$ cat run23.csv   # CSV, C-alpha atoms
chain,number,residue,atom,x,y,z
R,50,MET,CA,-43.7,-45.6,-0.7
R,51,LYS,CA,-45.4,-43.8,-3.6
R,52,GLN,CA,-48.4,-45.9,-3.1
R,53,TYR,CA,-48.5,-45.1,0.6
R,54,ILE,CA,-48.2,-41.4,0.0
R,55,ARG,CA,-50.8,-41.6,-2.8
R,56,GLY,CA,-53.2,-43.3,-0.3
R,57,VAL,CA,-52.6,-40.6,2.3
R,58,LEU,CA,-53.2,-37.8,-0.2
R,59,GLY,CA,-56.2,-39.5,-1.7
R,60,LEU,CA,-57.8,-39.9,1.7
R,61,THR,CA,-57.0,-36.3,2.6
R,62,SER,CA,-58.6,-35.1,-0.6
R,63,ALA,CA,-61.8,-37.2,0.2
R,64,TYR,CA,-62.0,-35.7,3.7
R,65,ARG,CA,-61.6,-32.2,2.2
R,66,ARG,CA,-64.4,-32.8,-0.4
R,67,ARG,CA,-66.7,-34.2,2.3
R,68,PHE,CA,-65.9,-31.2,4.6
R,69,PHE,CA,-66.8,-28.6,1.9
R,70,ARG,CA,-70.0,-30.4,1.2
R,71,ASP,CA,-71.1,-30.1,4.8
R,72,LYS,CA,-72.6,-26.6,5.1
R,73,THR,CA,-73.0,-26.9,8.9
R,74,ALA,CA,-69.3,-27.8,9.4
R,75,MET,CA,-68.3,-24.9,7.2
R,76,PHE,CA,-70.4,-22.5,9.1
R,77,PHE,CA,-69.0,-23.4,12.5
R,78,THR,CA,-65.4,-23.6,11.2
R,79,PHE,CA,-65.3,-20.3,9.3
R,80,LEU,CA,-68.3,-18.1,10.1
R,81,PHE,CA,-68.9,-18.9,13.8
R,82,PRO,CA,-65.4,-17.7,14.9
R,83,LEU,CA,-65.9,-14.5,12.9
R,84,ILE,CA,-69.2,-13.8,14.7
R,85,PHE,CA,-67.4,-14.0,18.1
R,86,LEU,CA,-64.5,-11.9,16.8
R,87,PHE,CA,-67.0,-9.3,15.7
R,88,VAL,CA,-68.8,-9.3,19.1
R,89,PHE,CA,-65.7,-9.2,21.3
R,90,GLY,CA,-63.9,-6.9,18.9
R,91,THR,CA,-66.8,-4.5,19.2
R,92,ILE,CA,-66.8,-4.7,23.0
R,93,PHE,CA,-63.1,-4.3,23.7
R,94,ASN,CA,-62.4,-1.9,20.8
R,95,ASN,CA,-65.1,0.4,22.0
R,96,ASN,CA,-63.3,3.7,22.6
R,97,SER,CA,-66.4,5.7,23.4
R,98,VAL,CA,-67.6,3.9,26.6
R,99,SER,CA,-70.5,5.8,28.1
R,100,PHE,CA,-72.1,5.3,31.5
R,101,ARG,CA,-75.8,5.5,32.2
R,102,VAL,CA,-76.0,7.6,35.3
R,103,VAL,CA,-78.6,9.6,37.3
R,104,ALA,CA,-77.3,13.0,38.6
R,105,ILE,CA,-79.0,14.3,41.7
R,106,ASN,CA,-78.3,17.8,42.8
R,107,ASN,CA,-79.3,18.7,46.4
R,108,SER,CA,-77.1,21.8,46.5
R,109,LYS,CA,-78.3,25.3,45.6
R,110,GLU,CA,-74.8,26.5,44.9
R,111,THR,CA,-74.1,27.9,41.4
R,112,PHE,CA,-71.0,25.8,41.1
R,113,ALA,CA,-73.1,22.6,41.7
R,114,LYS,CA,-75.6,23.6,39.0
R,115,GLN,CA,-72.8,24.3,36.5
R,116,PHE,CA,-71.2,21.0,37.4
R,117,ILE,CA,-74.4,19.0,36.7
R,118,ASP,CA,-74.7,20.8,33.3
R,119,LYS,CA,-71.2,19.7,32.4
R,120,ILE,CA,-71.9,16.1,33.3
R,121,GLY,CA,-74.9,16.2,30.9
R,122,LYS,CA,-72.6,17.5,28.1
R,123,ASN,CA,-69.8,15.0,28.8
R,124,SER,CA,-69.8,12.2,26.2
R,125,ALA,CA,-68.7,9.7,28.8
R,126,PHE,CA,-72.1,9.9,30.5
R,127,LYS,CA,-75.6,9.3,29.4
R,128,VAL,CA,-77.8,11.1,32.0
R,129,GLU,CA,-81.1,9.4,32.9
R,130,SER,CA,-83.9,10.9,34.9
R,131,ALA,CA,-85.1,9.8,38.4
R,132,SER,CA,-87.6,11.4,40.8
R,133,ASN,CA,-85.4,10.9,43.8
R,134,LEU,CA,-82.5,8.9,45.2
R,135,ASP,CA,-84.6,5.9,46.1
R,136,ASP,CA,-86.0,5.8,42.6
R,137,ALA,CA,-82.5,6.0,41.2
R,138,LYS,CA,-81.4,3.1,43.4
R,139,THR,CA,-84.3,1.0,42.2
R,140,LYS,CA,-83.3,1.7,38.6
R,141,MET,CA,-79.7,0.7,39.3
R,142,SER,CA,-80.7,-2.5,41.0
R,143,ARG,CA,-82.7,-3.4,37.8
R,144,GLY,CA,-79.7,-2.6,35.6
R,145,GLU,CA,-81.3,0.4,34.0
R,146,ILE,CA,-78.4,2.6,35.0
R,147,ASP,CA,-74.8,2.0,36.0
R,148,SER,CA,-74.3,4.5,38.8
R,149,ILE,CA,-75.7,7.5,40.7
R,150,ILE,CA,-74.0,10.8,41.1
R,151,GLU,CA,-75.3,12.7,44.1
R,152,LEU,CA,-74.3,16.3,45.1
R,153,PRO,CA,-75.0,16.9,48.8
R,154,VAL,CA,-76.5,20.1,50.1
R,155,VAL,CA,-73.1,21.6,51.0
R,156,PHE,CA,-71.4,20.6,47.7
R,157,GLY,CA,-69.8,23.6,46.0
R,158,THR,CA,-69.9,25.8,49.1
R,159,PRO,CA,-67.0,28.3,49.1
R,160,ASN,CA,-64.4,27.6,51.7
R,161,ALA,CA,-62.2,30.1,53.6
R,162,VAL,CA,-60.3,31.1,50.5
R,163,GLY,CA,-63.4,31.2,48.3
R,164,ALA,CA,-62.8,28.0,46.4
R,165,PRO,CA,-65.7,25.5,46.0
R,166,SER,CA,-65.5,22.5,48.4
R,167,GLY,CA,-67.4,19.4,49.3
R,168,THR,CA,-67.6,15.7,48.7
R,169,MET,CA,-69.9,14.1,46.1
R,170,ASN,CA,-71.3,10.6,46.5
R,171,VAL,CA,-71.0,8.1,43.7
R,172,TYR,CA,-73.3,5.1,44.3
R,173,TYR,CA,-72.6,1.6,42.8
R,174,GLN,CA,-74.4,-1.7,42.9
R,175,LYS,CA,-72.7,-4.4,45.0
R,176,GLY,CA,-71.8,-7.1,42.6
R,177,ALA,CA,-71.3,-4.6,39.8
R,178,GLU,CA,-68.7,-2.5,41.3
R,179,GLN,CA,-66.7,-2.0,38.1
R,180,SER,CA,-69.0,0.6,36.6
R,181,GLY,CA,-69.6,2.6,39.8
R,182,LYS,CA,-65.9,2.6,40.7
R,183,THR,CA,-65.0,3.7,37.2
R,184,VAL,CA,-67.5,6.5,37.3
R,185,ALA,CA,-66.0,7.6,40.7
R,186,ALA,CA,-62.5,7.6,39.2
R,187,VAL,CA,-63.7,9.7,36.3
R,188,MET,CA,-65.4,12.2,38.6
R,189,GLN,CA,-62.4,12.4,40.8
R,190,GLN,CA,-60.2,13.2,37.8
R,191,ILE,CA,-62.6,16.0,36.8
R,192,LEU,CA,-62.6,17.4,40.4
R,193,ASP,CA,-58.8,17.2,40.6
R,194,GLY,CA,-58.7,19.4,37.6
R,195,VAL,CA,-61.0,21.9,39.3
R,196,ASN,CA,-58.9,21.8,42.5
R,197,LYS,CA,-55.8,22.6,40.4
R,198,GLN,CA,-57.6,25.6,38.8
R,199,TYR,CA,-58.3,27.0,42.2
R,200,GLY,CA,-54.8,26.2,43.4
R,201,ARG,CA,-56.0,23.7,46.0
R,202,PRO,CA,-53.6,20.7,46.2
R,203,ASP,CA,-55.4,19.6,49.4
R,204,ALA,CA,-58.4,18.4,47.3
R,205,ALA,CA,-61.2,20.7,48.5
R,206,LEU,CA,-63.5,18.8,46.1
R,207,ALA,CA,-63.5,15.0,46.5
R,208,VAL,CA,-65.5,11.8,45.7
R,209,SER,CA,-66.9,9.3,48.1
R,210,GLU,CA,-67.8,5.8,46.8
R,211,VAL,CA,-71.0,4.5,48.3
R,212,SER,CA,-72.3,0.9,47.9
R,213,THR,CA,-76.1,0.3,47.9
R,214,ALA,CA,-75.5,-3.0,49.6
R,215,LYS,CA,-77.7,-3.6,52.7
R,216,SER,CA,-76.2,-4.5,56.0
R,217,GLY,CA,-74.9,-8.1,56.2
R,218,SER,CA,-74.4,-8.5,52.4
R,219,THR,CA,-71.2,-9.7,50.9
R,220,SER,CA,-69.7,-9.8,47.4
R,221,PHE,CA,-70.5,-13.5,47.2
R,222,ASP,CA,-74.2,-12.8,47.8
R,223,TYR,CA,-74.3,-10.7,44.7
R,224,THR,CA,-72.2,-13.0,42.5
R,225,PHE,CA,-74.1,-16.1,43.6
R,226,SER,CA,-77.1,-15.2,41.5
R,227,GLY,CA,-74.9,-15.2,38.4
R,228,LEU,CA,-73.5,-18.6,39.3
R,229,LEU,CA,-77.0,-20.0,39.7
R,230,GLY,CA,-78.1,-18.5,36.3
R,231,PHE,CA,-75.0,-20.0,34.6
R,232,SER,CA,-75.8,-23.4,36.2
R,233,LEU,CA,-79.4,-23.3,34.9
R,234,MET,CA,-78.1,-22.6,31.4
R,235,SER,CA,-75.5,-25.4,31.6
R,236,MET,CA,-78.1,-28.0,32.8
R,237,GLY,CA,-80.8,-26.8,30.4
R,238,ILE,CA,-78.8,-26.6,27.2
R,239,PHE,CA,-75.9,-29.1,27.5
R,240,GLY,CA,-77.8,-31.8,29.3
R,241,LEU,CA,-80.8,-32.1,26.9
R,242,ALA,CA,-78.8,-31.2,23.8
R,243,ASN,CA,-76.6,-34.2,24.4
R,244,ALA,CA,-79.2,-36.6,25.8
R,245,MET,CA,-81.8,-36.4,23.0
R,246,PRO,CA,-79.6,-36.9,20.0
R,247,SER,CA,-78.1,-39.9,21.8
R,248,GLU,CA,-81.6,-41.4,22.2
R,249,LYS,CA,-82.2,-40.8,18.5
R,250,GLN,CA,-79.2,-42.8,17.6
R,251,LYS,CA,-80.2,-45.6,19.8
R,252,GLY,CA,-83.6,-45.7,18.1
R,253,SER,CA,-85.6,-45.0,21.3
R,254,PHE,CA,-87.6,-42.2,19.8
R,255,ARG,CA,-88.6,-44.2,16.7
R,256,ARG,CA,-90.0,-46.9,19.0
R,257,LEU,CA,-92.0,-44.3,20.9
R,258,ARG,CA,-93.3,-42.9,17.6
R,259,ALA,CA,-94.6,-46.3,16.7
R,260,ALA,CA,-96.6,-46.5,20.0
R,261,PRO,CA,-98.0,-44.0,18.7
R,262,PHE,CA,-96.5,-41.1,20.7
R,263,LYS,CA,-96.8,-37.4,19.7
R,264,ALA,CA,-93.7,-35.1,19.4
R,265,SER,CA,-95.3,-32.6,21.9
R,266,GLN,CA,-95.6,-35.4,24.5
R,267,LEU,CA,-92.0,-36.3,24.2
R,268,VAL,CA,-90.9,-32.6,24.3
R,269,PHE,CA,-92.9,-31.9,27.5
R,270,ALA,CA,-92.0,-35.1,29.2
R,271,ASN,CA,-88.3,-34.3,28.7
R,272,ALA,CA,-88.9,-30.8,29.9
R,273,LEU,CA,-90.6,-31.9,33.1
R,274,HIS,CA,-87.9,-34.5,33.9
R,275,TYR,CA,-85.1,-32.1,33.4
R,276,VAL,CA,-86.8,-29.3,35.4
R,277,GLN,CA,-86.8,-31.6,38.3
R,278,ILE,CA,-83.2,-32.6,37.8
R,279,THR,CA,-82.2,-28.9,37.3
R,280,LEU,CA,-83.9,-27.7,40.5
R,281,MET,CA,-82.3,-30.5,42.5
R,282,SER,CA,-78.9,-29.3,41.2
R,283,LEU,CA,-79.9,-25.8,42.1
R,284,LEU,CA,-80.9,-26.9,45.6
R,285,LEU,CA,-77.5,-28.6,46.1
R,286,MET,CA,-75.7,-25.4,45.1
R,287,ILE,CA,-77.8,-23.3,47.5
R,288,ILE,CA,-77.1,-25.7,50.3
R,289,VAL,CA,-73.3,-25.4,49.6
R,290,GLY,CA,-73.6,-21.6,49.3
R,291,LEU,CA,-75.4,-21.4,52.7
R,292,THR,CA,-73.2,-23.8,54.6
R,293,VAL,CA,-69.8,-23.3,53.1
R,294,PHE,CA,-69.8,-19.7,51.7
R,295,HIS,CA,-72.4,-18.3,54.3
R,296,PHE,CA,-74.7,-16.9,51.6
R,297,ASN,CA,-77.1,-14.4,53.1
R,298,MET,CA,-80.6,-14.8,51.5
R,299,ARG,CA,-82.4,-11.5,51.8
R,300,GLY,CA,-85.4,-12.5,49.6
R,301,ASP,CA,-88.4,-14.8,50.0
R,302,TRP,CA,-87.6,-18.5,49.4
R,303,VAL,CA,-91.1,-19.1,47.9
R,304,VAL,CA,-90.6,-16.2,45.4
R,305,PHE,CA,-87.2,-17.5,44.6
R,306,ALA,CA,-88.5,-21.1,44.0
R,307,VAL,CA,-91.2,-19.9,41.7
R,308,PHE,CA,-88.9,-17.7,39.7
R,309,ALA,CA,-86.2,-20.4,39.5
R,310,ALA,CA,-88.7,-23.0,38.3
R,311,LEU,CA,-90.0,-20.7,35.5
R,312,ALA,CA,-86.4,-19.7,34.6
R,313,ALA,CA,-85.4,-23.4,34.4
R,314,LEU,CA,-88.4,-24.2,32.2
R,315,MET,CA,-87.4,-21.4,29.8
R,316,VAL,CA,-83.7,-22.4,29.6
R,317,LEU,CA,-84.6,-26.0,29.1
R,318,GLY,CA,-86.6,-24.9,26.1
R,319,PHE,CA,-83.4,-24.0,24.3
R,320,GLY,CA,-81.9,-27.4,25.1
R,321,LEU,CA,-85.1,-29.0,23.7
R,322,VAL,CA,-84.8,-26.9,20.5
R,323,ILE,CA,-81.2,-28.2,20.0
R,324,GLY,CA,-82.1,-31.7,20.9
R,325,SER,CA,-85.1,-31.7,18.6
R,326,LEU,CA,-83.2,-30.4,15.6
R,327,ALA,CA,-79.9,-32.3,16.0
R,328,LYS,CA,-79.7,-35.8,14.5
R,329,ASN,CA,-76.6,-36.7,16.5
R,330,GLU,CA,-74.2,-35.4,19.1
R,331,ASN,CA,-71.8,-34.1,16.5
R,332,GLN,CA,-74.5,-31.6,15.4
R,333,ALA,CA,-75.7,-30.9,18.9
R,334,ALA,CA,-72.3,-29.8,20.2
R,335,PRO,CA,-71.8,-26.8,17.9
R,336,LEU,CA,-75.5,-25.8,18.1
R,337,SER,CA,-75.1,-25.8,21.9
R,338,ASN,CA,-72.1,-23.5,21.7
R,339,LEU,CA,-73.9,-21.2,19.3
R,340,VAL,CA,-76.8,-20.7,21.8
R,341,SER,CA,-74.8,-20.7,25.1
R,342,PHE,CA,-71.9,-18.5,24.3
R,343,PRO,CA,-73.9,-15.3,23.6
R,344,MET,CA,-75.8,-16.0,26.8
R,345,MET,CA,-72.6,-16.4,28.9
R,346,PHE,CA,-70.8,-13.3,27.5
R,347,LEU,CA,-73.6,-10.9,26.8
R,348,SER,CA,-75.8,-11.4,29.9
R,349,GLY,CA,-73.4,-9.6,32.2
R,350,ALA,CA,-72.4,-12.8,34.0
R,351,PHE,CA,-68.7,-12.4,33.0
R,352,PHE,CA,-68.3,-8.9,31.6
R,353,PRO,CA,-69.8,-5.7,33.0
R,354,LYS,CA,-72.4,-4.3,30.6
R,355,PHE,CA,-71.1,-0.8,30.6
R,356,LEU,CA,-68.2,-2.1,28.4
R,357,PHE,CA,-70.7,-2.8,25.6
R,358,PRO,CA,-71.7,-0.1,23.1
R,359,GLU,CA,-75.2,1.2,23.6
R,360,TRP,CA,-76.7,-0.8,20.8
R,361,LEU,CA,-75.2,-4.0,22.3
R,362,GLN,CA,-76.4,-3.1,25.8
R,363,ALA,CA,-79.9,-2.9,24.3
R,364,VAL,CA,-79.5,-6.3,22.6
R,365,ALA,CA,-78.1,-7.9,25.7
R,366,SER,CA,-81.2,-7.0,27.7
R,367,PHE,CA,-83.1,-9.4,25.6
R,368,ILE,CA,-80.6,-12.3,25.8
R,369,PRO,CA,-82.5,-15.1,27.5
R,370,LEU,CA,-80.1,-15.5,30.4
R,371,THR,CA,-80.1,-11.7,31.2
R,372,PRO,CA,-83.6,-11.6,32.8
R,373,VAL,CA,-82.8,-14.8,34.7
R,374,ILE,CA,-79.7,-13.4,36.3
R,375,ASP,CA,-81.2,-9.9,36.9
R,376,GLY,CA,-84.3,-11.4,38.4
R,377,LEU,CA,-82.5,-13.9,40.7
R,378,ARG,CA,-80.2,-11.0,41.9
R,379,GLN,CA,-83.1,-8.8,42.7
R,380,ILE,CA,-84.9,-11.5,44.6
R,381,MET,CA,-81.9,-12.8,46.5
R,382,THR,CA,-80.3,-9.5,47.4
R,383,GLU,CA,-83.0,-6.8,47.2
R,384,HIS,CA,-86.0,-8.8,48.6
R,385,ALA,CA,-87.9,-8.3,45.3
R,386,THR,CA,-91.4,-9.7,44.9
R,387,LEU,CA,-92.7,-11.4,41.8
R,388,SER,CA,-94.4,-8.2,40.8
R,389,ALA,CA,-91.1,-6.3,41.1
R,390,VAL,CA,-89.5,-8.8,38.6
R,391,ALA,CA,-92.5,-8.7,36.3
R,392,PRO,CA,-90.4,-7.3,33.4
R,393,GLN,CA,-88.0,-10.2,33.7
R,394,LEU,CA,-90.8,-12.7,33.9
R,395,GLY,CA,-92.4,-11.2,30.8
R,396,ILE,CA,-89.2,-11.7,28.7
R,397,ILE,CA,-88.8,-15.2,30.2
R,398,ALA,CA,-92.4,-16.0,29.2
R,399,LEU,CA,-91.9,-14.9,25.6
R,400,TRP,CA,-88.7,-16.9,25.2
R,401,THR,CA,-90.4,-20.0,26.8
R,402,VAL,CA,-93.3,-19.9,24.3
R,403,ALA,CA,-91.0,-19.4,21.4
R,404,ALA,CA,-88.6,-22.2,22.4
R,405,TYR,CA,-91.2,-24.8,23.1
R,406,SER,CA,-93.1,-23.9,19.9
R,407,VAL,CA,-90.0,-24.4,17.8
R,408,ALA,CA,-89.0,-27.6,19.6
R,409,THR,CA,-92.4,-29.1,19.1
R,410,VAL,CA,-92.9,-28.1,15.4
R,411,PHE,CA,-89.4,-29.0,14.2
R,412,PHE,CA,-88.8,-32.1,16.3
R,413,ARG,CA,-87.0,-34.9,14.4
R,414,TRP,CA,-87.5,-38.5,15.5
R,415,GLY,CA,-84.1,-39.6,14.2
R,416,ASP,CA,-85.2,-41.5,11.1
R,417,ALA,CA,-85.0,-40.5,7.5
R,418,ASN,CA,-88.0,-38.4,7.8
$ encode --input "run23.csv" --output "structure tokens"
Amino acid sequence: MKQYIRGVLGLTSAYRRRFFRDKTAMFFTFLFPLIFLFVFGTIFNNNSVSFRVVAINNSKETFAKQFIDKIGKNSAFKVESASNLDDAKTKMSRGEIDSIIELPVVFGTPNAVGAPSGTMNVYYQKGAEQSGKTVAAVMQQILDGVNKQYGRPDAALAVSEVSTAKSGSTSFDYTFSGLLGFSLMSMGIFGLANAMPSEKQKGSFRRLRAAPFKASQLVFANALHYVQITLMSLLLMIIVGLTVFHFNMRGDWVVFAVFAALAALMVLGFGLVIGSLAKNENQAAPLSNLVSFPMMFLSGAFFPKFLFPEWLQAVASFIPLTPVIDGLRQIMTEHATLSAVAPQLGIIALWTVAAYSVATVFFRWGDAN
């Protein structure tokens, strides 16, 4: 029995020494969870949530002007500028602001008893209702306080929630773009990241190297192959979305196809980076999680961006998946052209160049070198 226990303890000690010699394993065991704890702790422990809004005052009443001034001084709001309502809606569709507060011409007009009355409009983007509805709730709370000051329990001042959705659009139409973006990321990262290390272990890449075959050729060949596979998967999702969930495509299919192909090419670059660096699947798995998790949770696909602190919102705008989802949503629901999504295409182009450069330069064939 002593010998048995000694053997178990000895093997346990050997495993422990081997573990602490593996810097990669230590990073993903101890530091990686702390990174996510920091990110999500920052998001959900953010007690000073602020909303980026545009305040448009069409009323000439003194009360309306004073009300707009109070919004600008309220720490819950960060007021952005816009030339008119259409300009503000464009900014909201691009994710530059969270909501629009519009005071109609009659807002603040004294009623029969001299108290200000009227209904303000709070606009929100369909598919991102959380921020708009929260802004509406905050504004209603403020107006309720004003109503009480004037002794008006019948709510002379009120809030009306207005969606910017066009006729015929549904909630699914606006969430579908996020699902497509997530699908692109899954195919691009997890597919290549698992396939390339497996080929290395089989010795396939070493045989190609003896051909001779350049690393750049191998990288681009894998990219072209997986772009085709990814777009086929995307096409299948679209067919199901159209036939089963009655998705209403409001944009141009050619524009969508071009943008989706460029987005797929970019996302696949990150899969190539992981597949190029990783020697085996055990290394590829944690690297894939390291790259994909920030994309999933910071791109706005799962959590509304207004929950993030301002500095994290700025960082999230440069997360590779963010321009993909934003661009797809604008094309699919707002009939955006390629020129309209030029900012997203610019960020995608930068990430594409960076990813393929790293994948080509640091590619490992799988041998000792």
$ residues_around --input "run23.csv" --residues "R:Leu326" --least-positions-apart "5" --cutoff "9 Å" --atoms "only C-alpha atoms" --output "JSON, numbers by chain"
{"R": [246, 321, 332, 333, 408, 411, 412, 413]}
$ closest_residue --input "run23.csv" --among "R:Ile150, R:Ala161, R:Met234, R:Leu273" --to "R:Val208" --atoms "all atoms listed in the file"
R:Ile150
$ closest_residue --input "run23.csv" --among "R:Gly194, R:Lys119, R:Trp414, R:Gln179" --to "R:Gln250" --atoms "only C-alpha atoms"
R:Trp414
$ closest_residue --input "run23.csv" --among "R:Met245, R:Val268, R:Val390, R:Val373" --to "R:Thr139" --atoms "only C-alpha atoms"
R:Val390
$ atom_distance --input "run23.csv" --atom1 "atom CA of R:Val195" --atom2 "atom CA of R:Lys122"
16.7 Å
$ atom_distance --input "run23.csv" --atom1 "atom CA of R:Met281" --atom2 "atom CA of R:Ile397"
20.7 Å
$ atom_distance --input "run23.csv" --atom1 "atom CA of R:Phe126" --atom2 "atom CA of R:Arg101"
6.0 Å
$ residues_around --input "run23.csv" --residues "R:Asn331" --least-positions-apart "3" --cutoff "10 Å" --atoms "all atoms listed in the file" --output "list in words"
Ala74, Asn243, Pro246, Ala327, Lys328, Ala334, Pro335 and Leu336 of chain R
$ residues_around --input "run23.csv" --residues "stretch 301-312 of chain R" --least-positions-apart "4" --cutoff "7 Å" --atoms "only C-alpha atoms" --output "list in words"
Val316, Val373, Ile380, His384, Thr386, Leu387 and Ile397 of chain R
$ write_last_selection --input "run23.csv" --atoms "C-alpha atoms" --output "PDB file, in the coordinates of the input"
ATOM      1  CA  VAL R 316     -83.700 -22.400  29.600  1.00  0.00           C
ATOM      2  CA  VAL R 373     -82.800 -14.800  34.700  1.00  0.00           C
ATOM      3  CA  ILE R 380     -84.900 -11.500  44.600  1.00  0.00           C
ATOM      4  CA  HIS R 384     -86.000  -8.800  48.600  1.00  0.00           C
ATOM      5  CA  THR R 386     -91.400  -9.700  44.900  1.00  0.00           C
ATOM      6  CA  LEU R 387     -92.700 -11.400  41.800  1.00  0.00           C
ATOM      7  CA  ILE R 397     -88.800 -15.200  30.200  1.00  0.00           C
TER       8      ILE R 397
END
$ closest_residue --input "run23.csv" --among "R:Ala272, R:Leu229, R:Gln362, R:Phe100" --to "R:Phe319" --atoms "only C-alpha atoms"
R:Ala272
$ closest_residue --input "run23.csv" --among "R:Ser180, R:Ser62, R:Asn329, R:Ser265" --to "R:Val102" --atoms "only C-alpha atoms"
R:Ser180
$ residues_around --input "run23.csv" --residues "R:Trp400" --least-positions-apart "3" --cutoff "12 Å" --atoms "only C-alpha atoms" --output "list in words"
Leu311, Ala312, Ala313, Leu314, Met315, Val316, Leu317, Gly318, Phe319, Val322, Phe367, Ile368, Pro369, Leu370, Thr371, Pro372, Val373, Gln393, Leu394, Gly395, Ile396, Ile397, Ala403, Ala404, Tyr405, Ser406 and Val407 of chain R
$ residues_around --input "run23.csv" --residues "R:Tyr172" --least-positions-apart "4" --cutoff "8 Å" --atoms "only C-alpha atoms" --output "PyMOL selection string"
chain R and resi 148-151+181+210-213
$ decode --input "run23.csv" --residues "stretch 381-395 of chain R" --atoms "N, CA, C and O atoms" --output "PDB file, in the first residue's frame"
ATOM      1  N   MET R 381     -27.825  44.984 -44.330  1.00  0.00           N
ATOM      2  CA  MET R 381     -28.995  44.117 -44.338  1.00  0.00           C
ATOM      3  C   MET R 381     -30.272  44.841 -43.912  1.00  0.00           C
ATOM      4  O   MET R 381     -31.364  44.463 -44.352  1.00  0.00           O
ATOM      5  N   THR R 382     -30.158  45.854 -43.069  1.00  0.00           N
ATOM      6  CA  THR R 382     -31.366  46.487 -42.532  1.00  0.00           C
ATOM      7  C   THR R 382     -31.544  47.942 -42.949  1.00  0.00           C
ATOM      8  O   THR R 382     -32.647  48.466 -42.891  1.00  0.00           O
ATOM      9  N   GLU R 383     -30.452  48.597 -43.351  1.00  0.00           N
ATOM     10  CA  GLU R 383     -30.537  50.018 -43.690  1.00  0.00           C
ATOM     11  C   GLU R 383     -30.207  50.287 -45.147  1.00  0.00           C
ATOM     12  O   GLU R 383     -30.064  51.445 -45.542  1.00  0.00           O
ATOM     13  N   HIS R 384     -30.046  49.237 -45.938  1.00  0.00           N
ATOM     14  CA  HIS R 384     -29.752  49.375 -47.369  1.00  0.00           C
ATOM     15  C   HIS R 384     -28.482  50.199 -47.590  1.00  0.00           C
ATOM     16  O   HIS R 384     -28.404  51.027 -48.516  1.00  0.00           O
ATOM     17  N   ALA R 385     -27.458  49.983 -46.763  1.00  0.00           N
ATOM     18  CA  ALA R 385     -26.212  50.726 -46.884  1.00  0.00           C
ATOM     19  C   ALA R 385     -25.410  50.256 -48.097  1.00  0.00           C
ATOM     20  O   ALA R 385     -25.428  49.078 -48.452  1.00  0.00           O
ATOM     21  N   THR R 386     -24.707  51.172 -48.724  1.00  0.00           N
ATOM     22  CA  THR R 386     -23.823  50.854 -49.845  1.00  0.00           C
ATOM     23  C   THR R 386     -22.416  50.592 -49.305  1.00  0.00           C
ATOM     24  O   THR R 386     -22.135  50.788 -48.121  1.00  0.00           O
ATOM     25  N   LEU R 387     -21.520  50.171 -50.200  1.00  0.00           N
ATOM     26  CA  LEU R 387     -20.143  49.928 -49.773  1.00  0.00           C
ATOM     27  C   LEU R 387     -19.481  51.217 -49.299  1.00  0.00           C
ATOM     28  O   LEU R 387     -18.666  51.201 -48.370  1.00  0.00           O
ATOM     29  N   SER R 388     -19.834  52.348 -49.913  1.00  0.00           N
ATOM     30  CA  SER R 388     -19.268  53.621 -49.470  1.00  0.00           C
ATOM     31  C   SER R 388     -19.773  53.996 -48.081  1.00  0.00           C
ATOM     32  O   SER R 388     -19.056  54.623 -47.296  1.00  0.00           O
ATOM     33  N   ALA R 389     -20.995  53.601 -47.758  1.00  0.00           N
ATOM     34  CA  ALA R 389     -21.559  53.913 -46.442  1.00  0.00           C
ATOM     35  C   ALA R 389     -20.868  53.121 -45.335  1.00  0.00           C
ATOM     36  O   ALA R 389     -20.813  53.570 -44.188  1.00  0.00           O
ATOM     37  N   VAL R 390     -20.374  51.929 -45.675  1.00  0.00           N
ATOM     38  CA  VAL R 390     -19.681  51.098 -44.673  1.00  0.00           C
ATOM     39  C   VAL R 390     -18.173  51.186 -44.864  1.00  0.00           C
ATOM     40  O   VAL R 390     -17.440  50.288 -44.444  1.00  0.00           O
ATOM     41  N   ALA R 391     -17.702  52.262 -45.489  1.00  0.00           N
ATOM     42  CA  ALA R 391     -16.265  52.446 -45.704  1.00  0.00           C
ATOM     43  C   ALA R 391     -15.461  52.442 -44.400  1.00  0.00           C
ATOM     44  O   ALA R 391     -14.364  51.865 -44.358  1.00  0.00           O
ATOM     45  N   PRO R 392     -15.963  53.067 -43.294  1.00  0.00           N
ATOM     46  CA  PRO R 392     -15.197  52.999 -42.039  1.00  0.00           C
ATOM     47  C   PRO R 392     -14.997  51.563 -41.557  1.00  0.00           C
ATOM     48  O   PRO R 392     -13.912  51.206 -41.101  1.00  0.00           O
ATOM     49  N   GLN R 393     -16.048  50.749 -41.657  1.00  0.00           N
ATOM     50  CA  GLN R 393     -15.921  49.347 -41.258  1.00  0.00           C
ATOM     51  C   GLN R 393     -14.945  48.597 -42.172  1.00  0.00           C
ATOM     52  O   GLN R 393     -14.127  47.799 -41.708  1.00  0.00           O
ATOM     53  N   LEU R 394     -15.028  48.875 -43.478  1.00  0.00           N
ATOM     54  CA  LEU R 394     -14.118  48.223 -44.426  1.00  0.00           C
ATOM     55  C   LEU R 394     -12.667  48.629 -44.166  1.00  0.00           C
ATOM     56  O   LEU R 394     -11.747  47.813 -44.341  1.00  0.00           O
ATOM     57  N   GLY R 395     -12.464  49.870 -43.754  1.00  0.00           N
ATOM     58  CA  GLY R 395     -11.111  50.318 -43.442  1.00  0.00           C
ATOM     59  C   GLY R 395     -10.505  49.545 -42.286  1.00  0.00           C
ATOM     60  O   GLY R 395      -9.346  49.113 -42.348  1.00  0.00           O
TER      61      GLY R 395
END
